[in-house]
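K.L.:
Provided herewith: query-v6.cif, mmCIF, N, CA and C atoms.
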data_final
#
loop_
_atom_site.label_atom_id
_atom_site.label_comp_id
_atom_site.auth_asym_id
_atom_site.auth_seq_id
_atom_site.Cartn_x
_atom_site.Cartn_y
_atom_site.Cartn_z
N MET A 1 0.86 -1.18 0.00
CA MET A 1 0.00 0.00 0.00
C MET A 1 0.90 1.24 0.00
N GLY A 2 0.78 2.06 -1.04
CA GLY A 2 1.57 3.28 -1.12
C GLY A 2 0.69 4.50 -1.13
N GLN A 3 1.32 5.63 -0.87
CA GLN A 3 0.57 6.88 -0.89
C GLN A 3 0.38 7.34 -2.33
N VAL A 4 -0.81 7.80 -2.64
CA VAL A 4 -1.14 8.31 -3.97
C VAL A 4 -1.33 9.81 -3.84
N GLU A 5 -0.83 10.57 -4.80
CA GLU A 5 -0.94 12.02 -4.75
C GLU A 5 -1.33 12.58 -6.11
N ALA A 6 -2.24 13.54 -6.09
CA ALA A 6 -2.66 14.27 -7.29
C ALA A 6 -2.54 15.76 -6.99
N THR A 7 -1.82 16.50 -7.84
CA THR A 7 -1.62 17.94 -7.63
C THR A 7 -1.85 18.68 -8.93
N THR A 8 -2.51 19.82 -8.83
CA THR A 8 -2.68 20.70 -9.98
C THR A 8 -2.65 22.15 -9.49
N GLU A 9 -2.34 23.06 -10.38
CA GLU A 9 -2.25 24.48 -10.00
C GLU A 9 -2.68 25.37 -11.15
N ARG A 10 -2.94 26.63 -10.81
CA ARG A 10 -3.37 27.60 -11.82
C ARG A 10 -3.06 29.01 -11.33
N ILE A 11 -2.62 29.86 -12.25
CA ILE A 11 -2.48 31.29 -11.97
C ILE A 11 -3.84 31.92 -12.25
N ILE A 12 -4.32 32.69 -11.29
CA ILE A 12 -5.66 33.29 -11.37
C ILE A 12 -5.52 34.81 -11.32
N GLY A 13 -6.29 35.47 -12.16
CA GLY A 13 -6.23 36.93 -12.27
C GLY A 13 -7.04 37.65 -11.21
N ALA A 14 -6.74 37.36 -9.96
CA ALA A 14 -7.36 38.04 -8.82
C ALA A 14 -6.40 37.92 -7.65
N ASP A 15 -6.52 38.85 -6.68
CA ASP A 15 -5.59 38.82 -5.55
C ASP A 15 -5.83 37.59 -4.68
N ALA A 16 -4.80 37.19 -3.95
CA ALA A 16 -4.82 35.95 -3.17
C ALA A 16 -5.94 35.95 -2.13
N GLU A 17 -6.19 37.08 -1.50
CA GLU A 17 -7.23 37.13 -0.47
C GLU A 17 -8.61 36.83 -1.05
N THR A 18 -8.91 37.39 -2.22
CA THR A 18 -10.20 37.14 -2.88
C THR A 18 -10.34 35.67 -3.25
N VAL A 19 -9.28 35.10 -3.82
CA VAL A 19 -9.31 33.69 -4.23
C VAL A 19 -9.50 32.79 -3.02
N PHE A 20 -8.73 33.05 -1.96
CA PHE A 20 -8.84 32.23 -0.75
C PHE A 20 -10.23 32.34 -0.14
N ASP A 21 -10.74 33.55 -0.01
CA ASP A 21 -12.07 33.76 0.58
C ASP A 21 -13.16 33.03 -0.22
N THR A 22 -13.02 33.00 -1.53
CA THR A 22 -13.98 32.30 -2.39
C THR A 22 -13.92 30.80 -2.13
N LEU A 23 -12.72 30.24 -2.05
CA LEU A 23 -12.56 28.81 -1.75
C LEU A 23 -13.09 28.46 -0.37
N ALA A 24 -12.87 29.33 0.61
CA ALA A 24 -13.25 29.05 2.00
C ALA A 24 -14.74 29.23 2.26
N ASP A 25 -15.48 29.80 1.31
CA ASP A 25 -16.90 30.06 1.47
C ASP A 25 -17.71 28.83 1.08
N TYR A 26 -17.78 27.87 2.00
CA TYR A 26 -18.45 26.59 1.71
C TYR A 26 -19.96 26.73 1.61
N THR A 27 -20.55 27.74 2.27
CA THR A 27 -22.00 27.91 2.19
C THR A 27 -22.42 28.69 0.95
N GLY A 28 -21.50 29.40 0.34
CA GLY A 28 -21.85 30.22 -0.82
C GLY A 28 -21.16 29.76 -2.09
N SER A 29 -19.98 30.31 -2.34
CA SER A 29 -19.34 30.13 -3.64
C SER A 29 -18.78 28.73 -3.89
N ARG A 30 -18.36 28.01 -2.86
CA ARG A 30 -17.67 26.73 -3.11
C ARG A 30 -18.51 25.76 -3.94
N SER A 31 -19.78 25.61 -3.59
CA SER A 31 -20.62 24.65 -4.32
C SER A 31 -20.76 25.00 -5.80
N LYS A 32 -20.66 26.30 -6.14
CA LYS A 32 -20.75 26.73 -7.53
C LYS A 32 -19.51 26.35 -8.35
N LEU A 33 -18.41 26.07 -7.67
CA LEU A 33 -17.15 25.75 -8.35
C LEU A 33 -17.05 24.29 -8.74
N LEU A 34 -17.89 23.45 -8.15
CA LEU A 34 -17.75 22.00 -8.31
C LEU A 34 -18.39 21.49 -9.60
N PRO A 35 -17.66 20.68 -10.38
CA PRO A 35 -18.23 20.09 -11.60
C PRO A 35 -19.15 18.92 -11.27
N GLU A 36 -19.66 18.26 -12.31
CA GLU A 36 -20.64 17.19 -12.16
C GLU A 36 -20.11 15.98 -11.40
N HIS A 37 -18.83 15.88 -11.16
CA HIS A 37 -18.25 14.76 -10.41
C HIS A 37 -18.64 14.80 -8.93
N PHE A 38 -19.13 15.95 -8.46
CA PHE A 38 -19.51 16.12 -7.07
C PHE A 38 -21.03 16.12 -6.96
N SER A 39 -21.56 15.39 -5.97
CA SER A 39 -23.01 15.38 -5.74
C SER A 39 -23.28 15.36 -4.24
N GLU A 40 -24.53 15.54 -3.88
CA GLU A 40 -24.99 15.51 -2.49
C GLU A 40 -24.19 16.46 -1.59
N TYR A 41 -23.86 17.63 -2.13
CA TYR A 41 -23.09 18.64 -1.38
C TYR A 41 -23.93 19.18 -0.23
N GLU A 42 -23.33 19.19 0.97
CA GLU A 42 -24.06 19.69 2.14
C GLU A 42 -23.07 20.18 3.20
N VAL A 43 -23.25 21.42 3.64
CA VAL A 43 -22.48 21.94 4.75
C VAL A 43 -23.19 21.52 6.03
N ARG A 44 -22.48 20.81 6.90
CA ARG A 44 -23.10 20.28 8.12
C ARG A 44 -22.75 21.10 9.36
N GLU A 45 -21.61 21.77 9.34
CA GLU A 45 -21.22 22.66 10.44
C GLU A 45 -20.42 23.81 9.85
N GLY A 46 -20.48 24.96 10.52
CA GLY A 46 -19.69 26.11 10.07
C GLY A 46 -20.11 26.57 8.69
N GLY A 47 -19.11 26.73 7.82
CA GLY A 47 -19.41 27.15 6.45
C GLY A 47 -18.39 28.11 5.89
N ASP A 48 -17.53 28.66 6.77
CA ASP A 48 -16.51 29.59 6.30
C ASP A 48 -15.15 29.16 6.84
N GLY A 49 -14.43 28.38 6.04
CA GLY A 49 -13.07 27.97 6.41
C GLY A 49 -13.01 27.09 7.64
N GLU A 50 -12.06 27.41 8.53
CA GLU A 50 -11.78 26.65 9.75
C GLU A 50 -13.06 26.28 10.49
N GLY A 51 -13.16 24.99 10.86
CA GLY A 51 -14.32 24.54 11.61
C GLY A 51 -15.49 24.06 10.77
N THR A 52 -15.35 24.15 9.45
CA THR A 52 -16.42 23.69 8.57
C THR A 52 -16.40 22.17 8.49
N LEU A 53 -17.57 21.57 8.43
CA LEU A 53 -17.74 20.15 8.17
C LEU A 53 -18.65 20.07 6.95
N VAL A 54 -18.12 19.53 5.86
CA VAL A 54 -18.86 19.50 4.60
C VAL A 54 -18.89 18.07 4.04
N HIS A 55 -20.01 17.73 3.44
CA HIS A 55 -20.19 16.40 2.86
C HIS A 55 -20.39 16.52 1.36
N TRP A 56 -19.84 15.57 0.61
CA TRP A 56 -20.16 15.40 -0.80
C TRP A 56 -19.79 14.00 -1.23
N LYS A 57 -20.32 13.62 -2.38
CA LYS A 57 -19.89 12.38 -3.02
C LYS A 57 -19.07 12.79 -4.23
N LEU A 58 -17.92 12.16 -4.37
CA LEU A 58 -17.01 12.43 -5.49
C LEU A 58 -16.98 11.20 -6.38
N GLN A 59 -17.46 11.37 -7.61
CA GLN A 59 -17.46 10.27 -8.57
C GLN A 59 -16.27 10.47 -9.50
N ALA A 60 -15.18 9.78 -9.16
CA ALA A 60 -13.93 9.92 -9.91
C ALA A 60 -14.00 9.19 -11.25
N THR A 61 -14.67 8.04 -11.28
CA THR A 61 -14.88 7.28 -12.52
C THR A 61 -16.32 6.80 -12.54
N SER A 62 -16.71 6.14 -13.61
CA SER A 62 -18.09 5.66 -13.69
C SER A 62 -18.42 4.66 -12.60
N LYS A 63 -17.40 3.95 -12.08
CA LYS A 63 -17.64 2.93 -11.07
C LYS A 63 -17.15 3.32 -9.68
N ARG A 64 -16.37 4.38 -9.56
CA ARG A 64 -15.72 4.73 -8.28
C ARG A 64 -16.35 5.99 -7.71
N VAL A 65 -17.08 5.85 -6.58
CA VAL A 65 -17.68 6.98 -5.89
C VAL A 65 -17.18 6.99 -4.45
N ARG A 66 -16.64 8.13 -4.02
CA ARG A 66 -16.19 8.27 -2.62
C ARG A 66 -17.21 9.12 -1.88
N ASP A 67 -17.65 8.61 -0.72
CA ASP A 67 -18.53 9.37 0.15
C ASP A 67 -17.62 10.12 1.12
N CYS A 68 -17.55 11.44 0.97
CA CYS A 68 -16.58 12.25 1.72
C CYS A 68 -17.27 13.10 2.78
N LEU A 69 -16.71 13.08 3.98
CA LEU A 69 -17.15 13.95 5.07
C LEU A 69 -15.88 14.66 5.55
N LEU A 70 -15.76 15.92 5.18
CA LEU A 70 -14.50 16.63 5.31
C LEU A 70 -14.50 17.66 6.43
N GLU A 71 -13.48 17.57 7.28
CA GLU A 71 -13.23 18.56 8.32
C GLU A 71 -12.24 19.57 7.75
N VAL A 72 -12.57 20.85 7.85
CA VAL A 72 -11.73 21.90 7.27
C VAL A 72 -10.93 22.60 8.36
N THR A 73 -9.63 22.75 8.13
CA THR A 73 -8.77 23.53 9.01
C THR A 73 -8.00 24.54 8.16
N GLU A 74 -7.46 25.54 8.83
CA GLU A 74 -6.60 26.55 8.19
C GLU A 74 -5.29 26.60 8.97
N PRO A 75 -4.37 25.66 8.69
CA PRO A 75 -3.13 25.59 9.48
C PRO A 75 -2.22 26.81 9.32
N THR A 76 -2.24 27.44 8.15
CA THR A 76 -1.44 28.65 7.92
C THR A 76 -2.24 29.61 7.04
N ASP A 77 -1.81 30.87 6.98
CA ASP A 77 -2.49 31.83 6.11
C ASP A 77 -2.46 31.33 4.67
N GLY A 78 -3.60 31.44 4.00
CA GLY A 78 -3.67 31.05 2.60
C GLY A 78 -3.77 29.56 2.36
N GLN A 79 -4.06 28.79 3.41
CA GLN A 79 -4.13 27.34 3.25
C GLN A 79 -5.38 26.77 3.90
N LEU A 80 -6.10 25.95 3.13
CA LEU A 80 -7.25 25.19 3.62
C LEU A 80 -6.91 23.71 3.52
N VAL A 81 -7.16 22.96 4.58
CA VAL A 81 -6.93 21.53 4.56
C VAL A 81 -8.25 20.83 4.84
N GLU A 82 -8.63 19.92 3.94
CA GLU A 82 -9.86 19.15 4.07
C GLU A 82 -9.49 17.70 4.34
N LYS A 83 -9.79 17.22 5.57
CA LYS A 83 -9.47 15.84 5.96
C LYS A 83 -10.76 15.03 5.95
N ASP A 84 -10.76 13.95 5.19
CA ASP A 84 -11.94 13.10 5.08
C ASP A 84 -12.05 12.17 6.28
N ARG A 85 -13.17 12.23 6.98
CA ARG A 85 -13.40 11.34 8.12
C ARG A 85 -13.63 9.90 7.68
N ASN A 86 -13.99 9.70 6.42
CA ASN A 86 -14.33 8.36 5.91
C ASN A 86 -13.18 7.63 5.24
N SER A 87 -12.02 8.26 5.12
CA SER A 87 -10.88 7.63 4.44
C SER A 87 -9.60 8.34 4.86
N SER A 88 -8.51 7.97 4.21
CA SER A 88 -7.21 8.60 4.49
C SER A 88 -6.98 9.84 3.63
N MET A 89 -7.98 10.23 2.83
CA MET A 89 -7.81 11.33 1.88
C MET A 89 -7.70 12.69 2.57
N VAL A 90 -6.68 13.46 2.16
CA VAL A 90 -6.48 14.82 2.65
C VAL A 90 -6.22 15.72 1.43
N THR A 91 -7.01 16.77 1.32
CA THR A 91 -6.83 17.73 0.22
C THR A 91 -6.39 19.06 0.81
N THR A 92 -5.32 19.61 0.24
CA THR A 92 -4.78 20.89 0.70
C THR A 92 -4.86 21.91 -0.43
N TRP A 93 -5.50 23.02 -0.14
CA TRP A 93 -5.60 24.16 -1.06
C TRP A 93 -4.65 25.24 -0.55
N THR A 94 -3.75 25.71 -1.40
CA THR A 94 -2.82 26.76 -1.02
C THR A 94 -2.92 27.90 -2.02
N VAL A 95 -3.15 29.11 -1.51
CA VAL A 95 -3.27 30.29 -2.37
C VAL A 95 -2.19 31.29 -1.96
N THR A 96 -1.36 31.68 -2.93
CA THR A 96 -0.28 32.64 -2.67
C THR A 96 -0.29 33.74 -3.72
N PRO A 97 0.20 34.94 -3.37
CA PRO A 97 0.30 36.01 -4.36
C PRO A 97 1.23 35.60 -5.51
N ALA A 98 0.91 36.07 -6.71
CA ALA A 98 1.73 35.74 -7.89
C ALA A 98 1.88 36.98 -8.77
N GLY A 99 2.25 38.10 -8.14
CA GLY A 99 2.38 39.34 -8.90
C GLY A 99 1.17 40.22 -8.74
N GLU A 100 1.22 41.38 -9.37
CA GLU A 100 0.17 42.40 -9.25
C GLU A 100 -1.20 41.86 -9.65
N GLY A 101 -2.12 41.77 -8.68
CA GLY A 101 -3.49 41.36 -8.96
C GLY A 101 -3.63 39.91 -9.39
N LYS A 102 -2.64 39.08 -9.11
CA LYS A 102 -2.71 37.66 -9.48
C LYS A 102 -2.37 36.79 -8.29
N SER A 103 -2.80 35.55 -8.37
CA SER A 103 -2.47 34.60 -7.32
C SER A 103 -2.26 33.22 -7.94
N LYS A 104 -1.59 32.38 -7.19
CA LYS A 104 -1.38 31.00 -7.61
C LYS A 104 -2.17 30.12 -6.66
N ALA A 105 -3.05 29.29 -7.22
CA ALA A 105 -3.84 28.34 -6.43
C ALA A 105 -3.32 26.94 -6.74
N VAL A 106 -2.96 26.22 -5.69
CA VAL A 106 -2.47 24.85 -5.82
C VAL A 106 -3.38 23.94 -4.99
N VAL A 107 -3.81 22.83 -5.59
CA VAL A 107 -4.61 21.85 -4.86
C VAL A 107 -3.88 20.51 -4.95
N SER A 108 -3.71 19.89 -3.79
CA SER A 108 -3.01 18.62 -3.72
C SER A 108 -3.79 17.66 -2.84
N THR A 109 -4.04 16.47 -3.36
CA THR A 109 -4.77 15.45 -2.61
C THR A 109 -3.89 14.22 -2.46
N VAL A 110 -3.83 13.70 -1.24
CA VAL A 110 -3.07 12.48 -0.97
C VAL A 110 -3.97 11.49 -0.22
N TRP A 111 -3.72 10.20 -0.46
CA TRP A 111 -4.43 9.15 0.25
C TRP A 111 -3.61 7.88 0.18
N ASN A 112 -3.95 6.94 1.07
CA ASN A 112 -3.29 5.64 1.07
C ASN A 112 -3.94 4.77 0.01
N GLY A 113 -3.15 4.38 -0.97
CA GLY A 113 -3.68 3.58 -2.08
C GLY A 113 -3.77 2.11 -1.74
N ALA A 114 -4.42 1.39 -2.61
CA ALA A 114 -4.57 -0.05 -2.45
C ALA A 114 -3.25 -0.75 -2.74
N GLY A 115 -3.15 -2.00 -2.32
CA GLY A 115 -1.98 -2.81 -2.62
C GLY A 115 -2.20 -3.62 -3.89
N GLY A 116 -1.19 -4.36 -4.30
CA GLY A 116 -1.32 -5.28 -5.42
C GLY A 116 -1.53 -4.61 -6.75
N ILE A 117 -2.12 -5.36 -7.67
CA ILE A 117 -2.32 -4.87 -9.04
C ILE A 117 -3.31 -3.71 -9.07
N GLY A 118 -4.34 -3.78 -8.20
CA GLY A 118 -5.29 -2.67 -8.11
C GLY A 118 -4.60 -1.39 -7.69
N GLY A 119 -3.67 -1.50 -6.75
CA GLY A 119 -2.90 -0.35 -6.30
C GLY A 119 -2.03 0.22 -7.39
N PHE A 120 -1.46 -0.66 -8.23
CA PHE A 120 -0.65 -0.18 -9.36
C PHE A 120 -1.51 0.69 -10.28
N PHE A 121 -2.69 0.20 -10.63
CA PHE A 121 -3.56 0.98 -11.51
C PHE A 121 -4.03 2.26 -10.85
N GLU A 122 -4.31 2.20 -9.55
CA GLU A 122 -4.73 3.39 -8.82
C GLU A 122 -3.62 4.45 -8.85
N ARG A 123 -2.40 4.06 -8.54
CA ARG A 123 -1.27 5.01 -8.54
C ARG A 123 -0.98 5.54 -9.94
N THR A 124 -1.28 4.74 -10.96
CA THR A 124 -1.02 5.15 -12.34
C THR A 124 -2.09 6.10 -12.88
N PHE A 125 -3.35 5.78 -12.64
CA PHE A 125 -4.43 6.51 -13.30
C PHE A 125 -5.19 7.50 -12.42
N ALA A 126 -5.32 7.24 -11.13
CA ALA A 126 -6.11 8.11 -10.26
C ALA A 126 -5.59 9.55 -10.21
N PRO A 127 -4.26 9.76 -10.11
CA PRO A 127 -3.79 11.15 -10.07
C PRO A 127 -4.16 11.95 -11.32
N LYS A 128 -4.14 11.32 -12.49
CA LYS A 128 -4.51 12.03 -13.72
C LYS A 128 -5.98 12.38 -13.73
N GLY A 129 -6.82 11.42 -13.33
CA GLY A 129 -8.27 11.67 -13.30
C GLY A 129 -8.65 12.74 -12.29
N LEU A 130 -8.09 12.64 -11.09
CA LEU A 130 -8.39 13.63 -10.06
C LEU A 130 -7.81 14.99 -10.45
N GLY A 131 -6.65 14.99 -11.09
CA GLY A 131 -6.05 16.24 -11.58
C GLY A 131 -6.98 16.94 -12.56
N ARG A 132 -7.60 16.18 -13.47
CA ARG A 132 -8.54 16.78 -14.43
C ARG A 132 -9.76 17.37 -13.71
N ILE A 133 -10.25 16.66 -12.70
CA ILE A 133 -11.40 17.17 -11.94
C ILE A 133 -11.03 18.49 -11.26
N TYR A 134 -9.87 18.54 -10.61
CA TYR A 134 -9.47 19.76 -9.92
C TYR A 134 -9.04 20.87 -10.88
N ASP A 135 -8.58 20.52 -12.09
CA ASP A 135 -8.35 21.54 -13.12
C ASP A 135 -9.66 22.28 -13.41
N THR A 136 -10.75 21.52 -13.48
CA THR A 136 -12.07 22.12 -13.73
C THR A 136 -12.49 23.01 -12.56
N VAL A 137 -12.26 22.55 -11.33
CA VAL A 137 -12.59 23.37 -10.16
C VAL A 137 -11.81 24.68 -10.20
N LEU A 138 -10.51 24.61 -10.51
CA LEU A 138 -9.69 25.83 -10.57
C LEU A 138 -10.11 26.74 -11.72
N ALA A 139 -10.51 26.17 -12.85
CA ALA A 139 -11.02 26.98 -13.96
C ALA A 139 -12.30 27.69 -13.55
N ASN A 140 -13.19 26.99 -12.85
CA ASN A 140 -14.43 27.59 -12.36
C ASN A 140 -14.14 28.66 -11.33
N LEU A 141 -13.14 28.44 -10.48
CA LEU A 141 -12.72 29.43 -9.49
C LEU A 141 -12.23 30.69 -10.20
N ALA A 142 -11.42 30.52 -11.22
CA ALA A 142 -10.91 31.67 -11.98
C ALA A 142 -12.06 32.47 -12.59
N LYS A 143 -13.04 31.77 -13.20
CA LYS A 143 -14.20 32.46 -13.78
C LYS A 143 -14.97 33.24 -12.71
N GLU A 144 -15.10 32.63 -11.54
CA GLU A 144 -15.88 33.26 -10.44
C GLU A 144 -15.22 34.55 -9.95
N VAL A 145 -13.90 34.57 -9.80
CA VAL A 145 -13.23 35.71 -9.20
C VAL A 145 -12.69 36.73 -10.21
N GLU A 146 -12.53 36.32 -11.46
CA GLU A 146 -12.00 37.24 -12.47
C GLU A 146 -13.07 38.10 -13.10
N SER A 147 -14.34 37.75 -12.91
CA SER A 147 -15.42 38.51 -13.56
C SER A 147 -15.79 39.76 -12.80
#
Is it possible to express this structure as structure tokens?

P.N.:
Amino acid sequence: MGQVEATTERIIGADAETVFDTLADYTGSRSKLLPEHFSEYEVREGGDGEGTLVHWKLQATSKRVRDCLLEVTEPTDGQLVEKDRNSSMVTTWTVTPAGEGKSKAVVSTVWNGAGGIGGFFERTFAPKGLGRIYDTVLANLAKEVES
């Protein structure tokens, strides 16, 4: 069993504070950023960054659906960490300034993968699939804050 990681990033034409605040707004803007891979979105506690408890189902492939219950923390400025209570999955969003009126948003997800041949395929293909999903989230985030 090895750790699997998927990371993607994007330069966004808005200041880091605006981008971070949009990501951290689980009761408002966050649900608008999610593509069709996410369903049953529900904020169960909090709703703005640290202390939020949010639920969704993530359909990574036609056969693979993860039921996620995520605890949100803000360990440092510009960083949101979503820890899934139902698995080993941890997603970290990091937003940093990237020049005048721009920011860099990076999303990285890690989890303990399966062993054996299934684990080989998971380590090979899951990061690409999840990367595409989060590319879409970051594109939607850019549209939301750049308009």

K.L.:
Once the PyMOL selection byres ((chain A and resi 104) around 6.5) has been evaluated on this model, what residues remain selected, and can you format them as JSON, numbers by chain?

P.N.:
{"A": [10, 11, 12, 16, 94, 95, 96, 97, 98, 102, 103, 105, 106]}

K.L.:
Among stretch 9-82 of chain A, which residues carry a DSSP assignment of helix (DSSP H, G or I), reported as a count of residues only?

P.N.:
14

K.L.:
For atom CA of A:Val110 and atom CA of A:Cys68, quote the distance in Å rounded to one decimal.

P.N.:
13.8 Å

K.L.:
Check which residues satisfy the PyMOL selection byres ((chain A and resi 88) around 6.5) in the file shown, then give them as a list of chain:residue names.

P.N.:
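The output of the PyMOL selection byres ((chain A and resi 88) around 6.5) on this file is A:Asp84, A:Arg85, A:Asn86, A:Ser87, A:Met89, A:Val90, A:Val110, A:Trp111, A:Asn112.
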
K.L.:
I need the residues in stretch 1-144 of chain A that are strand (DSSP E) according to DSSP; give them as a PyMOL selection string.

P.N.:
chain A and resi 3-12+38-45+53-59+65-73+79-84+90-97+103-112

K.L.:
Near A:Leu58, within 7 Å and counting only C-alpha atoms, which residues show up once chain neighbours fewer than 3 positions away are dropped, as a list in words?

P.N.:
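So the residues in contact are His37, Phe38, Ser39, Val65, Arg66 and Asp67 of chain A.
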
K.L.:
Write out the residues from the selection above, keeping N, CA and C atoms, as a short mmCIF file (atom, residue, chain, number, x, y, z; two decimals), keeping the file's coordinate frame.

P.N.:
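See again.cif below for the written result:
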data_model
loop_
_atom_site.label_atom_id
_atom_site.label_comp_id
_atom_site.auth_asym_id
_atom_site.auth_seq_id
_atom_site.Cartn_x
_atom_site.Cartn_y
_atom_site.Cartn_z
N HIS A 37 -18.83 15.88 -11.16
CA HIS A 37 -18.25 14.76 -10.41
C HIS A 37 -18.64 14.80 -8.93
N PHE A 38 -19.13 15.95 -8.46
CA PHE A 38 -19.51 16.12 -7.07
C PHE A 38 -21.03 16.12 -6.96
N SER A 39 -21.56 15.39 -5.97
CA SER A 39 -23.01 15.38 -5.74
C SER A 39 -23.28 15.36 -4.24
N VAL A 65 -17.08 5.85 -6.58
CA VAL A 65 -17.68 6.98 -5.89
C VAL A 65 -17.18 6.99 -4.45
N ARG A 66 -16.64 8.13 -4.02
CA ARG A 66 -16.19 8.27 -2.62
C ARG A 66 -17.21 9.12 -1.88
N ASP A 67 -17.65 8.61 -0.72
CA ASP A 67 -18.53 9.37 0.15
C ASP A 67 -17.62 10.12 1.12
#

K.L.:
Need to verify the contact set: A:Asp21, 8 Å, only N, CA and C atoms, exclusion of same-chain residues closer than 5 positions in sequence. Can you return it as a list in words?

P.N.:
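My list of contacting residues is Asp15, Ala16, Tyr26, Ser29, Arg30, Gly49 and Gly78 of chain A.
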
K.L.:
Write out as JSON lines the residues of stretch 90-110 of chain A that have any atom within 7 Å of an atom of stretch 1-7 of chain A, one row each with the nearest atom pair and its distance in Å to one decimal, counting only C-alpha atoms, sorted by chain and then rising number.

P.N.:
{"residue": "A:Val107", "atom": "CA", "partner": "A:Thr7", "partner_atom": "CA", "distance": 5.6}
{"residue": "A:Ser108", "atom": "CA", "partner": "A:Thr7", "partner_atom": "CA", "distance": 4.2}
{"residue": "A:Thr109", "atom": "CA", "partner": "A:Ala6", "partner_atom": "CA", "distance": 5.3}
{"residue": "A:Val110", "atom": "CA", "partner": "A:Glu5", "partner_atom": "CA", "distance": 4.4}

K.L.:
Evaluate the PyMOL selection byres ((chain A and resi 70) around 5) on the structure here and hand back the selected residues as a PyMOL selection string.

P.N.:
chain A and resi 53-55+68-69+71-72+83-85

K.L.:
Grab the residues selected above and save them as an mmCIF file, keeping the file's coordinate frame with N, CA and C atoms.

P.N.:
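Done, and the output landed in result32.cif:
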data_model
loop_
_atom_site.group_PDB
_atom_site.id
_atom_site.type_symbol
_atom_site.label_atom_id
_atom_site.label_comp_id
_atom_site.auth_asym_id
_atom_site.auth_seq_id
_atom_site.Cartn_x
_atom_site.Cartn_y
_atom_site.Cartn_z
ATOM 1 N N LEU A 53 -17.570 21.570 8.430
ATOM 2 C CA LEU A 53 -17.740 20.150 8.170
ATOM 3 C C LEU A 53 -18.650 20.070 6.950
ATOM 4 N N VAL A 54 -18.120 19.530 5.860
ATOM 5 C CA VAL A 54 -18.860 19.500 4.600
ATOM 6 C C VAL A 54 -18.890 18.070 4.040
ATOM 7 N N HIS A 55 -20.010 17.730 3.440
ATOM 8 C CA HIS A 55 -20.190 16.400 2.860
ATOM 9 C C HIS A 55 -20.390 16.520 1.360
ATOM 10 N N CYS A 68 -17.550 11.440 0.970
ATOM 11 C CA CYS A 68 -16.580 12.250 1.720
ATOM 12 C C CYS A 68 -17.270 13.100 2.780
ATOM 13 N N LEU A 69 -16.710 13.080 3.980
ATOM 14 C CA LEU A 69 -17.150 13.950 5.070
ATOM 15 C C LEU A 69 -15.880 14.660 5.550
ATOM 16 N N GLU A 71 -13.480 17.570 7.280
ATOM 17 C CA GLU A 71 -13.230 18.560 8.320
ATOM 18 C C GLU A 71 -12.240 19.570 7.750
ATOM 19 N N VAL A 72 -12.570 20.850 7.850
ATOM 20 C CA VAL A 72 -11.730 21.900 7.270
ATOM 21 C C VAL A 72 -10.930 22.600 8.360
ATOM 22 N N LYS A 83 -9.790 17.220 5.570
ATOM 23 C CA LYS A 83 -9.470 15.840 5.960
ATOM 24 C C LYS A 83 -10.760 15.030 5.950
ATOM 25 N N ASP A 84 -10.760 13.950 5.190
ATOM 26 C CA ASP A 84 -11.940 13.100 5.080
ATOM 27 C C ASP A 84 -12.050 12.170 6.280
ATOM 28 N N ARG A 85 -13.170 12.230 6.980
ATOM 29 C CA ARG A 85 -13.400 11.340 8.120
ATOM 30 C C ARG A 85 -13.630 9.900 7.680
#

K.L.:
Given only C-alpha atoms as the basis, pick out the residue of A:Gln79, A:Thr61, A:Thr18, A:Asn140 nearest to A:Pro35.

P.N.:
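Residue with the minimum atom-to-atom distance to A:Pro35: A:Asn140.
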
K.L.:
Select, from A:Ala60, A:Val43, A:Leu80, A:Ala126, the residue with the minimum atom-to-atom distance to A:Leu23, counting only N, CA and C atoms.

P.N.:
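Of A:Ala60, A:Val43, A:Leu80, A:Ala126, the one nearest A:Leu23 is A:Leu80, counting only N, CA and C atoms.
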
K.L.:
Can you work out the spacing between atom C of A:Leu141 and atom N of A:Pro75 in Å, to one decimal?

P.N.:
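Going from atom C of A:Leu141 over to atom N of A:Pro75 covers 21.1 Å.
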
K.L.:
Quick one: pull the distance between atom CA of A:Ser31 and atom N of A:Arg44, Å, one decimal.

P.N.:
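Computed distance, atom CA of A:Ser31 to atom N of A:Arg44, equals 12.0 Å.
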
K.L.:
Find the residue from A:Thr27, A:Glu17, A:Gly51, A:Gln59 that sits nearest to A:Gly129; use only C-alpha atoms when measuring.

P.N.:
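Nearest to A:Gly129: A:Gln59.
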